[in-house]
>>> print(open('data_18.txt').read())   # compact mmCIF, C-alpha atoms
# COMPACT_ATOMS: atom_id res chain seq x y z
CA MET A 27 9.56 18.56 20.16
CA THR A 28 9.95 16.62 16.91
CA ASP A 29 8.63 18.39 13.80
CA ALA A 30 6.81 15.82 11.68
CA ALA A 31 6.81 18.10 8.64
CA GLU A 32 10.59 18.53 8.74
CA LEU A 33 11.03 14.76 9.14
CA THR A 34 8.73 14.22 6.14
CA ALA A 35 10.95 16.45 4.00
CA GLU A 36 14.07 14.63 5.18
CA LEU A 37 12.53 11.26 4.28
CA ILE A 38 11.48 12.52 0.84
CA ARG A 39 15.11 13.42 0.15
CA CYS A 40 15.92 9.70 0.43
CA PRO A 41 15.10 8.33 -3.08
CA SER A 42 13.72 5.05 -1.72
CA VAL A 43 11.98 3.68 -4.81
CA THR A 44 11.05 0.05 -4.08
CA PRO A 45 13.13 -1.87 -3.07
CA GLU A 46 15.87 0.71 -2.41
CA GLU A 47 16.33 1.79 1.22
CA ALA A 48 18.26 4.93 0.16
CA GLY A 49 18.88 5.98 3.75
CA ALA A 50 15.25 6.35 4.83
CA LEU A 51 15.19 3.55 7.41
CA THR A 52 18.69 4.44 8.56
CA LEU A 53 17.51 7.98 9.25
CA LEU A 54 14.55 6.72 11.28
CA ALA A 55 16.64 4.15 13.14
CA ASP A 56 19.07 6.84 14.27
CA ARG A 57 16.26 9.11 15.52
CA LEU A 58 14.53 6.29 17.35
CA ARG A 59 17.68 4.96 19.03
CA ALA A 60 18.42 8.48 20.27
CA ALA A 61 14.97 8.53 21.88
CA GLY A 62 15.53 5.25 23.71
CA PHE A 63 13.92 2.79 21.29
CA GLU A 64 15.43 -0.63 20.73
CA VAL A 65 15.84 -0.95 16.97
CA SER A 66 16.22 -4.04 14.79
CA ARG A 67 16.43 -4.52 11.04
CA PRO A 68 14.51 -7.72 10.12
CA ASP A 69 15.44 -7.48 6.43
CA ARG A 70 14.54 -10.45 4.24
CA ASN A 71 15.64 -11.36 0.72
CA GLY A 72 17.22 -7.97 0.24
CA ILE A 73 14.12 -6.05 1.35
CA PRO A 74 14.80 -3.39 4.03
CA ASN A 75 12.63 -3.42 7.15
CA LEU A 76 12.69 -1.75 10.57
CA PHE A 77 11.30 -2.76 13.96
CA ALA A 78 11.52 -0.39 16.93
CA ARG A 79 10.21 -0.81 20.48
CA TRP A 80 10.18 1.55 23.44
CA GLY A 81 9.35 -0.17 26.68
CA ALA A 82 9.76 -3.70 27.91
CA LYS A 83 9.38 -6.73 25.72
CA GLY A 84 6.17 -8.48 26.74
CA ALA A 85 4.78 -5.35 28.41
CA ALA A 86 1.24 -5.44 29.77
CA ARG A 87 0.05 -3.20 26.92
CA SER A 88 1.64 -2.50 23.57
CA PHE A 89 0.49 -0.05 20.92
CA GLY A 90 1.79 -0.42 17.37
CA PHE A 91 2.10 1.64 14.21
CA ASN A 92 2.80 0.32 10.74
CA GLY A 93 3.91 2.09 7.58
CA HIS A 94 6.33 2.12 4.67
CA THR A 95 9.08 4.35 3.36
CA ASP A 96 9.32 2.89 -0.15
CA VAL A 97 7.73 4.87 -2.96
CA VAL A 98 6.66 4.33 -6.56
CA PRO A 99 8.93 5.66 -9.35
CA PRO A 100 8.61 9.40 -10.03
CA GLY A 101 8.04 9.05 -13.77
CA ASN A 102 9.17 11.84 -16.09
CA LEU A 103 11.37 14.11 -13.97
CA GLY A 104 10.71 17.03 -16.31
CA SER A 105 7.01 16.94 -15.50
CA TRP A 106 7.57 17.85 -11.85
CA THR A 107 7.26 21.46 -10.68
CA HIS A 108 9.89 20.71 -8.02
CA PRO A 109 12.32 17.75 -8.18
CA PRO A 110 10.60 14.62 -6.83
CA PHE A 111 13.22 13.99 -4.15
CA SER A 112 13.76 17.60 -3.11
CA GLY A 113 11.37 17.71 -0.11
CA HIS A 114 10.70 21.29 -1.18
CA LEU A 115 8.56 23.41 1.18
CA ASP A 116 6.89 26.20 -0.78
CA GLU A 117 5.51 29.54 0.35
CA ASP A 118 2.03 28.04 0.69
CA GLY A 119 3.22 25.49 3.22
CA MET A 120 3.15 22.48 0.86
CA ILE A 121 5.82 19.78 1.01
CA TRP A 122 6.60 18.46 -2.48
CA GLY A 123 8.05 15.14 -3.52
CA ARG A 124 7.48 11.46 -4.13
CA GLY A 125 6.12 9.93 -0.93
CA ALA A 126 4.82 13.24 0.43
CA THR A 127 1.35 11.69 0.64
CA ASP A 128 2.00 7.96 0.33
CA MET A 129 3.35 7.67 2.92
CA LYS A 130 6.51 9.23 4.25
CA SER A 131 4.34 11.87 5.90
CA GLY A 132 2.36 9.23 7.76
CA VAL A 133 5.56 7.53 8.93
CA ALA A 134 7.05 10.86 9.97
CA ALA A 135 3.88 11.66 11.91
CA PHE A 136 3.78 8.45 13.94
CA VAL A 137 7.54 8.36 14.49
CA SER A 138 7.44 11.98 15.74
CA ALA A 139 4.39 11.27 17.89
CA ALA A 140 6.00 8.18 19.40
CA ILE A 141 9.28 9.96 20.17
CA ASP A 142 7.58 12.91 21.84
CA PHE A 143 5.15 10.68 23.73
CA VAL A 144 7.81 8.47 25.32
CA THR A 145 9.97 11.51 26.03
CA GLU A 146 7.26 13.66 27.63
CA THR A 147 4.83 11.15 29.22
CA PRO A 148 6.41 7.68 29.18
CA PRO A 149 3.98 4.89 30.11
CA THR A 150 4.94 2.83 33.14
CA ASP A 151 3.45 -0.48 31.98
CA GLY A 152 3.45 -0.32 28.21
CA ALA A 153 5.41 -0.53 25.01
CA VAL A 154 5.24 1.45 21.80
CA ILE A 155 6.15 -0.56 18.70
CA LEU A 156 6.87 0.77 15.21
CA THR A 157 7.01 -1.52 12.17
CA ILE A 158 8.19 0.11 8.95
CA THR A 159 8.92 -1.61 5.65
CA GLY A 160 10.52 -0.83 2.32
CA ASP A 161 8.30 -3.24 0.37
CA GLU A 162 4.71 -2.01 0.49
CA GLU A 163 4.63 -0.64 -3.06
CA GLY A 164 6.22 -3.83 -4.40
CA ALA A 165 5.26 -7.47 -4.08
CA GLY A 166 4.90 -7.20 -0.30
CA ARG A 167 6.22 -10.71 0.32
CA ASP A 168 9.24 -9.66 2.36
CA GLY A 169 8.02 -6.44 3.94
CA THR A 170 5.46 -6.28 6.73
CA THR A 171 5.04 -10.06 6.53
CA ALA A 172 8.77 -10.46 7.22
CA ILE A 173 8.57 -8.11 10.19
CA LEU A 174 5.60 -10.00 11.64
CA ASP A 175 7.32 -13.35 11.11
CA TRP A 176 10.41 -11.99 12.87
CA MET A 177 8.28 -10.64 15.71
CA ASP A 178 6.63 -14.01 16.19
CA ALA A 179 10.02 -15.73 16.34
CA GLN A 180 11.33 -13.14 18.82
CA GLY A 181 8.26 -13.15 21.06
CA GLU A 182 7.38 -9.56 20.17
CA ALA A 183 3.73 -8.54 19.95
CA MET A 184 1.42 -5.59 19.36
CA ASP A 185 -1.95 -5.54 21.09
CA VAL A 186 -3.43 -3.09 18.57
CA CYS A 187 -2.04 -1.26 15.55
CA ILE A 188 -2.68 1.78 13.37
CA VAL A 189 -1.54 1.71 9.75
CA GLY A 190 -0.75 5.29 8.76
CA GLU A 191 -1.84 5.06 5.11
CA PRO A 192 -3.78 8.03 3.66
CA SER A 193 -7.38 7.27 4.61
CA ASN A 194 -9.27 10.47 3.81
CA PRO A 195 -10.70 11.17 0.33
CA ALA A 196 -10.98 14.97 0.55
CA THR A 197 -11.08 16.31 4.13
CA PHE A 198 -8.74 15.47 6.98
CA GLY A 199 -10.67 13.52 9.58
CA GLU A 200 -13.57 12.38 7.43
CA MET A 201 -12.70 8.67 7.16
CA MET A 202 -10.86 5.85 8.90
CA LYS A 203 -10.56 2.33 7.58
CA ILE A 204 -11.67 -0.56 9.78
CA GLY A 205 -11.19 -3.19 7.10
CA ARG A 206 -10.44 -3.83 3.47
CA ARG A 207 -11.93 -5.87 0.68
CA GLY A 208 -10.05 -8.92 -0.48
CA SER A 209 -8.40 -9.00 -3.88
CA VAL A 210 -7.80 -11.82 -6.33
CA THR A 211 -6.57 -11.58 -9.91
CA TYR A 212 -7.37 -14.29 -12.43
CA ARG A 213 -5.45 -15.08 -15.59
CA VAL A 214 -7.69 -16.91 -18.05
CA THR A 215 -6.62 -18.98 -21.04
CA ALA A 216 -9.12 -20.23 -23.63
CA THR A 217 -7.73 -22.91 -26.00
CA GLY A 218 -9.65 -23.89 -29.11
CA VAL A 219 -8.83 -25.02 -32.67
CA GLN A 220 -7.17 -22.65 -35.15
CA GLY A 221 -8.38 -22.44 -38.71
CA HIS A 222 -9.67 -20.36 -41.61
CA ALA A 223 -12.36 -17.86 -40.68
CA ALA A 224 -14.37 -18.89 -43.78
CA TYR A 225 -14.79 -22.45 -42.50
CA PRO A 226 -16.41 -22.19 -39.06
CA SER A 227 -17.18 -25.91 -38.88
CA ARG A 228 -13.46 -26.65 -38.80
CA VAL A 229 -12.57 -24.34 -35.90
CA ARG A 230 -13.39 -23.82 -32.27
CA ASN A 231 -13.05 -20.11 -31.64
CA PRO A 232 -11.51 -19.40 -28.22
CA LEU A 233 -12.51 -15.74 -28.38
CA HIS A 234 -16.19 -16.58 -28.64
CA ALA A 235 -15.99 -18.85 -25.62
CA LEU A 236 -13.85 -16.42 -23.66
CA CYS A 237 -16.19 -13.51 -24.37
CA ARG A 238 -19.19 -15.61 -23.34
CA PHE A 239 -17.49 -16.52 -20.07
CA LEU A 240 -16.42 -12.93 -19.31
CA ASP A 241 -19.85 -11.57 -20.16
CA GLN A 242 -21.45 -13.96 -17.69
CA LEU A 243 -19.09 -12.76 -14.98
CA ALA A 244 -19.49 -9.06 -15.73
CA SER A 245 -23.28 -9.22 -16.08
CA ALA A 246 -24.16 -10.87 -12.77
CA PRO A 247 -23.46 -9.02 -9.47
CA LEU A 248 -21.51 -11.09 -6.99
CA ASP A 249 -23.55 -9.79 -4.03
CA ALA A 250 -25.43 -6.76 -2.68
CA GLY A 251 -22.89 -5.78 -0.01
CA THR A 252 -22.87 -6.20 3.78
CA ASP A 253 -23.10 -4.00 6.86
CA HIS A 254 -19.49 -2.86 6.52
CA PHE A 255 -18.78 -3.52 2.83
CA ASP A 256 -19.98 -2.30 -0.53
CA PRO A 257 -20.96 -4.95 -3.13
CA SER A 258 -18.05 -6.99 -4.43
CA GLY A 259 -16.84 -5.97 -7.86
CA LEU A 260 -15.29 -7.68 -10.87
CA GLN A 261 -13.34 -5.81 -13.55
CA VAL A 262 -11.92 -7.29 -16.76
CA THR A 263 -8.57 -5.57 -17.34
CA THR A 264 -7.28 -7.10 -20.59
CA VAL A 265 -8.24 -9.49 -23.40
CA ASP A 266 -5.72 -10.61 -26.02
CA CYS A 267 -5.03 -13.27 -28.63
CA GLY A 268 -2.00 -11.86 -30.45
CA ASN A 269 -3.66 -12.38 -33.83
CA ALA A 270 -2.66 -10.01 -36.63
CA ALA A 271 -4.66 -11.77 -39.36
CA SER A 272 -8.33 -11.01 -39.98
CA ASN A 273 -9.04 -14.33 -41.75
CA VAL A 274 -7.57 -16.66 -39.12
CA VAL A 275 -9.34 -17.94 -36.04
CA PRO A 276 -6.66 -18.12 -33.32
CA GLU A 277 -5.97 -21.19 -31.25
CA ARG A 278 -5.63 -19.35 -27.96
CA ALA A 279 -6.99 -16.24 -26.26
CA THR A 280 -6.22 -14.85 -22.83
CA ALA A 281 -7.77 -12.41 -20.39
CA VAL A 282 -7.18 -10.98 -16.94
CA PHE A 283 -9.80 -9.90 -14.43
CA ASN A 284 -9.67 -8.70 -10.85
CA ILE A 285 -12.23 -9.23 -8.09
CA ARG A 286 -12.42 -7.02 -5.01
CA PHE A 287 -14.55 -9.08 -2.66
CA ASN A 288 -16.22 -8.48 0.68
CA ASP A 289 -16.57 -10.75 3.70
CA LEU A 290 -19.33 -12.83 2.08
CA HIS A 291 -16.64 -14.56 0.06
CA THR A 292 -13.33 -16.33 0.42
CA PRO A 293 -10.84 -17.06 -2.36
CA GLU A 294 -11.92 -20.70 -2.12
CA SER A 295 -15.63 -19.98 -2.51
CA LEU A 296 -15.01 -17.63 -5.43
CA ASP A 297 -12.74 -20.13 -7.15
CA ALA A 298 -15.27 -22.95 -6.84
CA ASP A 299 -17.93 -20.81 -8.50
CA LEU A 300 -15.65 -19.54 -11.26
CA GLN A 301 -14.26 -22.97 -12.07
CA ALA A 302 -17.81 -24.33 -12.38
CA ARG A 303 -18.78 -21.49 -14.74
CA ALA A 304 -15.68 -22.06 -16.84
CA ALA A 305 -16.37 -25.78 -17.05
CA ALA A 306 -19.94 -25.10 -18.23
CA VAL A 307 -18.77 -22.78 -21.02
CA SER A 308 -16.09 -25.30 -22.02
CA ALA A 309 -18.73 -28.03 -22.27
CA GLU A 310 -20.97 -25.83 -24.41
CA THR A 311 -18.27 -24.63 -26.81
CA GLY A 312 -15.60 -27.32 -26.91
CA VAL A 313 -13.04 -24.69 -25.93
CA THR A 314 -10.91 -25.43 -22.88
CA ILE A 315 -10.92 -22.59 -20.34
CA THR A 316 -8.34 -22.61 -17.57
CA LEU A 317 -8.19 -20.19 -14.65
CA VAL A 318 -5.12 -19.34 -12.56
CA PRO A 319 -5.81 -17.19 -9.43
CA ASP A 320 -3.39 -14.92 -7.57
CA VAL A 321 -4.74 -13.86 -4.18
CA SER A 322 -3.23 -10.65 -2.81
CA GLY A 323 -5.50 -10.08 0.18
CA MET A 324 -8.39 -11.43 2.22
CA ALA A 325 -11.45 -9.41 3.16
CA PHE A 326 -11.43 -8.43 6.83
CA VAL A 327 -13.08 -6.04 9.25
CA THR A 328 -12.05 -4.86 12.72
CA GLN A 329 -15.38 -4.78 14.50
CA PRO A 330 -16.30 -1.53 16.27
CA GLY A 331 -15.37 -1.67 19.94
CA PRO A 332 -13.01 0.02 22.42
CA PHE A 333 -10.06 0.32 20.02
CA VAL A 334 -12.09 1.65 17.09
CA ASP A 335 -13.99 3.97 19.44
CA LEU A 336 -10.72 5.33 20.88
CA VAL A 337 -9.28 6.21 17.48
CA ARG A 338 -12.57 7.60 16.21
CA GLY A 339 -13.07 9.72 19.31
CA VAL A 340 -9.59 11.24 19.15
CA VAL A 341 -9.93 12.03 15.44
CA GLU A 342 -13.22 13.80 16.09
CA ALA A 343 -11.80 15.68 19.08
CA GLU A 344 -8.76 16.88 17.10
CA THR A 345 -10.46 17.64 13.76
CA GLY A 346 -14.07 18.43 14.67
CA VAL A 347 -15.18 15.73 12.21
CA GLN A 348 -16.52 12.30 13.12
CA PRO A 349 -14.82 9.89 10.70
CA ILE A 350 -16.84 7.45 8.65
CA LEU A 351 -15.92 3.82 9.35
CA SER A 352 -14.99 2.55 5.91
CA THR A 353 -13.66 -0.54 4.14
CA SER A 354 -13.23 1.17 0.77
CA GLY A 355 -10.14 1.46 -1.40
CA GLY A 356 -7.49 -0.98 -2.49
CA THR A 357 -5.25 -3.16 -0.39
CA SER A 358 -2.74 -2.11 2.25
CA ASP A 359 -0.42 -3.84 4.69
CA ALA A 360 -3.31 -3.89 7.15
CA ARG A 361 -4.21 -7.14 5.37
CA PHE A 362 -1.12 -8.67 6.99
CA VAL A 363 -1.34 -6.92 10.38
CA LYS A 364 -4.91 -8.13 10.87
CA ASP A 365 -3.58 -11.66 11.42
CA HIS A 366 -1.43 -10.35 14.29
CA CYS A 367 -3.75 -7.96 16.14
CA PRO A 368 -6.75 -5.64 15.66
CA VAL A 369 -5.86 -2.95 13.12
CA VAL A 370 -7.35 0.26 11.76
CA GLU A 371 -6.06 2.80 9.27
CA PHE A 372 -5.99 6.54 9.70
CA GLY A 373 -3.79 9.00 7.87
CA LEU A 374 -3.79 12.04 5.63
CA VAL A 375 -5.87 13.05 2.65
CA GLY A 376 -4.74 10.91 -0.28
CA ARG A 377 -5.44 13.40 -3.04
CA PHE A 378 -1.99 13.46 -4.69
CA MET A 379 -0.60 9.99 -4.00
CA HIS A 380 1.33 8.41 -6.89
CA GLU A 381 0.79 11.51 -9.05
CA VAL A 382 3.35 13.81 -10.63
CA ASP A 383 3.75 16.78 -8.25
CA GLU A 384 2.81 14.70 -5.22
CA ARG A 385 2.57 17.05 -2.26
CA VAL A 386 1.03 17.47 1.19
CA PRO A 387 0.24 20.44 3.48
CA ALA A 388 2.85 20.65 6.24
CA ASP A 389 0.17 21.72 8.73
CA GLN A 390 -1.81 18.54 7.97
CA VAL A 391 1.23 16.40 8.74
CA ARG A 392 1.61 18.17 12.07
CA ALA A 393 -2.10 17.70 12.75
CA LEU A 394 -1.76 13.97 12.08
CA LYS A 395 1.10 13.81 14.56
CA ARG A 396 -1.14 15.43 17.19
CA VAL A 397 -3.84 12.83 16.51
CA TYR A 398 -1.37 9.96 16.91
CA GLN A 399 0.20 11.37 20.07
CA ARG A 400 -3.21 11.92 21.66
CA ILE A 401 -4.22 8.36 20.77
CA LEU A 402 -1.11 7.10 22.57
CA THR A 403 -1.83 9.31 25.59
CA GLU A 404 -5.43 8.11 25.90
CA TYR A 405 -4.58 4.47 25.22
CA PHE A 406 -2.04 4.38 28.05
CA ALA A 407 -4.01 6.65 30.40
>>> encode(input="data_18.txt", output="structure tokens")
Amino acid sequence: MTDAAELTAELIRCPSVTPEEAGALTLLADRLRAAGFEVSRPDRNGIPNLFARWGAKGAARSFGFNGHTDVVPPGNLGSWTHPPFSGHLDEDGMIWGRGATDMKSGVAAFVSAAIDFVTETPPTDGAVILTITGDEEGAGRDGTTAILDWMDAQGEAMDVCIVGEPSNPATFGEMMKIGRRGSVTYRVTATGVQGHAAYPSRVRNPLHALCRFLDQLASAPLDAGTDHFDPSGLQVTTVDCGNAASNVVPERATAVFNIRFNDLHTPESLDADLQARAAAVSAETGVTITLVPDVSGMAFVTQPGPFVDLVRGVVEAETGVQPILSTSGGTSDARFVKDHCPVVEFGLVGRFMHEVDERVPADQVRALKRVYQRILTEYFA
């Protein structure tokens, strides 16, 4: 039997800060090959990735897992109670280190579950597929997307997939994600006419126009939410003009805002509305406002049905808690997997992710492994 907690600690000891592989995927590849998985490394542009399949290519049924072994930087090493890449197991049963929560534990749980499942009760007509990247915490352009592109070229496919990201706010079993909001970041530039602050008739103040535009956006709700999504939200994250003089009206001012949008919107529909608002403020003020969007994810939802019911039922059976079906939180690689097959997210409690002294209960990692292995057993039953 594979101990998911021990594997978590081993993975933590690989200092795989994005985009460094640091031995994490090599460790997993060796374990999976020993269990009979076919393993490939569809790396792209220097980003490390791993694909592993047990069972026949093109099998009648294929169940997939997705996760990442890259982690965010540990920050000030002196602030950690235990070294961030020690994988220390303390007397209270906590595993310490960067990636303990997000998400080497989740990867260790589904890798352990998959190995034990195909060893103990191998399906006769199915395949188990694992997709693991080293680029989730980074730009994400050559991580899961590269694996999926490689799979498409090789004729590999998952019928359904679980992303093992932490999904529970406080209690293990309380929440699973069946979708995510979309995300788009806008960089705004307002260009006016510079001049002396004492002569307002000679200037066109870009800050006044920019503030008017941002206030319009922040004051009007985008929507009231949908059946599966909370209302979309817009947050201004920075405003700047680089002006050190109090008696000079600057020529240019910039701002950045982010929109997390639900399935009532698309990037195209949002952009059309925002460009129209910017044009109206420009016409009123004589200040040119330009908007440059950067879309990092589309809103999506995996509709409740047999797959969602299977995962939800197993979680409730193993934890005694019926998980809420949620679309909350930020983005994850589920935004890429959803274009390949139906996808849900279920993992650990995310309390300590990205924090100094990141840690996870070893027993919870083992419990997550049991959930994943039971899902595999019931899916292929």
>>> closest_residue(input="data_18.txt", among="A:Arg338, A:Arg361, A:Arg278, A:Arg377", to="Glu162 (chain A)", atoms="all atoms listed in the file")
A:Arg361
>>> atom_distance(input="data_18.txt", atom1="CA of His254 (chain A)", atom2="CA of Ser88 (chain A)")
27.2 Å
>>> closest_residue(input="data_18.txt", among="A:Leu248, A:Ile38, A:Leu296, A:Leu51", to="Val97 (chain A)", atoms="all atoms listed in the file")
A:Ile38
>>> closest_residue(input="data_18.txt", among="A:Pro45, A:Ala271, A:Phe89, A:Asp161", to="Tyr405 (chain A)", atoms="all atoms listed in the file")
A:Phe89
>>> residues_around(input="data_18.txt", residues="Asp69 (chain A)", least_positions_apart="6", cutoff="10 Å", atoms="all atoms listed in the file", output="PyMOL selection string")
chain A and resi 75-77+159-160+168-169+172-173+176
>>> closest_residue(input="data_18.txt", among="A:Phe91, A:Phe333, A:Phe287, A:Phe378", to="Arg207 (chain A)", atoms="all atoms listed in the file")
A:Phe287
>>> atom_distance(input="data_18.txt", atom1="CA of Leu54 (chain A)", atom2="CA of Cys367 (chain A)")
24.0 Å
>>> atom_distance(input="data_18.txt", atom1="CA of Thr95 (chain A)", atom2="CA of Met184 (chain A)")
20.3 Å
>>> closest_residue(input="data_18.txt", among="A:Ile401, A:Gln180, A:Val210, A:Val391", to="Ser295 (chain A)", atoms="only C-alpha atoms")
A:Val210
>>> closest_atom_pairs(input="data_18.txt", of="region 115-229 of chain A", to="region 78-83 of chain A", cutoff="6 Å", atoms="all atoms listed in the file", output="Markdown table")
| residue | atom | partner | partner_atom | distance |
| --- | --- | --- | --- | --- |
| A:Ala153 | CA | A:Gly81 | CA | 4.3 |
| A:Val154 | CA | A:Trp80 | CA | 5.2 |
| A:Ile155 | CA | A:Arg79 | CA | 4.4 |
| A:Leu156 | CA | A:Ala78 | CA | 5.1 |
>>> closest_residue(input="data_18.txt", among="A:Asp299, A:Tyr225, A:Val214, A:Thr28", to="Val144 (chain A)", atoms="only C-alpha atoms")
A:Thr28
>>> residues_around(input="data_18.txt", residues="region 305-312 of chain A", least_positions_apart="6", cutoff="9 Å", atoms="only C-alpha atoms", output="PyMOL selection string")
chain A and resi 216+218+230-232+234-236+238-239
>>> residues_around(input="data_18.txt", residues="Thr280 (chain A)", least_positions_apart="5", cutoff="10 Å", atoms="all atoms listed in the file", output="PyMOL selection string")
chain A and resi 213-217+232-233+236+264-268+315-317
>>> axis_aligned_box(input="data_18.txt", around="region 38-53 of chain A", padding_each_side="6 Å", output="lines of an AutoDock Vina configuration file")
center_x = 15.0
center_y = 5.8
center_z = 2.2
size_x = 19.8
size_y = 27.3
size_z = 26.1
>>> residues_around(input="data_18.txt", residues="region 134-139 of chain A", least_positions_apart="3", cutoff="10 Å", atoms="only C-alpha atoms", output="JSON, numbers by chain")
{"A": [27, 28, 29, 30, 31, 32, 33, 34, 35, 36, 37, 54, 57, 58, 78, 90, 91, 92, 93, 95, 129, 130, 131, 142, 143, 144, 145, 155, 156, 158, 188, 189, 190, 373, 374, 390, 391, 392, 393, 394, 395, 396, 397, 398, 399, 400, 401, 402]}
>>> residues_around(input="data_18.txt", residues="region 164-166 of chain A", least_positions_apart="6", cutoff="12 Å", atoms="all atoms listed in the file", output="VMD selection string")
chain A and resid 42 to 46 70 to 71 73 to 75 94 to 99 172 to 173 320 to 323 357 to 362
>>> residues_near_point(input="data_18.txt", point="(3.1, 25.0, 7.6)", cutoff="8 Å", atoms="only C-alpha atoms", output="PyMOL selection string")
chain A and resi 31+118-120+387-389
>>> decode(input="data_18.txt", residues="region 221-232 of chain A", atoms="N, CA, C and O atoms", output="PDB file, in the first residue's frame")
ATOM      1  N   GLY A 221       0.137  70.350 -17.881  1.00  0.00           N
ATOM      2  CA  GLY A 221       0.248  71.791 -17.715  1.00  0.00           C
ATOM      3  C   GLY A 221       0.268  72.191 -16.255  1.00  0.00           C
ATOM      4  O   GLY A 221       0.272  71.339 -15.349  1.00  0.00           O
ATOM      5  N   HIS A 222       0.244  73.495 -16.025  1.00  0.00           N
ATOM      6  CA  HIS A 222       0.291  74.051 -14.672  1.00  0.00           C
ATOM      7  C   HIS A 222      -1.077  73.879 -14.005  1.00  0.00           C
ATOM      8  O   HIS A 222      -2.116  74.158 -14.602  1.00  0.00           O
ATOM      9  N   ALA A 223      -1.035  73.438 -12.749  1.00  0.00           N
ATOM     10  CA  ALA A 223      -2.288  73.199 -12.032  1.00  0.00           C
ATOM     11  C   ALA A 223      -3.096  74.475 -11.821  1.00  0.00           C
ATOM     12  O   ALA A 223      -4.308  74.417 -11.599  1.00  0.00           O
ATOM     13  N   ALA A 224      -2.449  75.642 -11.894  1.00  0.00           N
ATOM     14  CA  ALA A 224      -3.147  76.919 -11.683  1.00  0.00           C
ATOM     15  C   ALA A 224      -3.903  77.389 -12.920  1.00  0.00           C
ATOM     16  O   ALA A 224      -4.646  78.376 -12.853  1.00  0.00           O
ATOM     17  N   TYR A 225      -3.708  76.707 -14.050  1.00  0.00           N
ATOM     18  CA  TYR A 225      -4.356  77.117 -15.288  1.00  0.00           C
ATOM     19  C   TYR A 225      -5.148  75.952 -15.878  1.00  0.00           C
ATOM     20  O   TYR A 225      -4.754  75.332 -16.872  1.00  0.00           O
ATOM     21  N   PRO A 226      -6.299  75.657 -15.273  1.00  0.00           N
ATOM     22  CA  PRO A 226      -7.059  74.463 -15.685  1.00  0.00           C
ATOM     23  C   PRO A 226      -7.566  74.524 -17.126  1.00  0.00           C
ATOM     24  O   PRO A 226      -7.803  73.478 -17.728  1.00  0.00           O
ATOM     25  N   SER A 227      -7.713  75.713 -17.682  1.00  0.00           N
ATOM     26  CA  SER A 227      -8.215  75.808 -19.052  1.00  0.00           C
ATOM     27  C   SER A 227      -7.190  75.336 -20.074  1.00  0.00           C
ATOM     28  O   SER A 227      -7.531  75.062 -21.226  1.00  0.00           O
ATOM     29  N   ARG A 228      -5.926  75.236 -19.636  1.00  0.00           N
ATOM     30  CA  ARG A 228      -4.866  74.852 -20.552  1.00  0.00           C
ATOM     31  C   ARG A 228      -4.521  73.348 -20.481  1.00  0.00           C
ATOM     32  O   ARG A 228      -3.631  72.890 -21.196  1.00  0.00           O
ATOM     33  N   VAL A 229      -5.175  72.629 -19.599  1.00  0.00           N
ATOM     34  CA  VAL A 229      -4.839  71.218 -19.408  1.00  0.00           C
ATOM     35  C   VAL A 229      -6.065  70.343 -19.642  1.00  0.00           C
ATOM     36  O   VAL A 229      -7.204  70.830 -19.645  1.00  0.00           O
ATOM     37  N   ARG A 230      -5.803  69.080 -19.844  1.00  0.00           N
ATOM     38  CA  ARG A 230      -6.853  68.061 -19.791  1.00  0.00           C
ATOM     39  C   ARG A 230      -6.342  66.993 -18.834  1.00  0.00           C
ATOM     40  O   ARG A 230      -5.403  66.250 -19.160  1.00  0.00           O
ATOM     41  N   ASN A 231      -6.933  66.950 -17.660  1.00  0.00           N
ATOM     42  CA  ASN A 231      -6.386  66.135 -16.571  1.00  0.00           C
ATOM     43  C   ASN A 231      -6.767  64.661 -16.751  1.00  0.00           C
ATOM     44  O   ASN A 231      -7.938  64.292 -16.638  1.00  0.00           O
ATOM     45  N   PRO A 232      -5.783  63.800 -17.004  1.00  0.00           N
ATOM     46  CA  PRO A 232      -6.108  62.381 -17.212  1.00  0.00           C
ATOM     47  C   PRO A 232      -6.592  61.700 -15.936  1.00  0.00           C
ATOM     48  O   PRO A 232      -7.357  60.734 -16.007  1.00  0.00           O
TER      49      PRO A 232
END
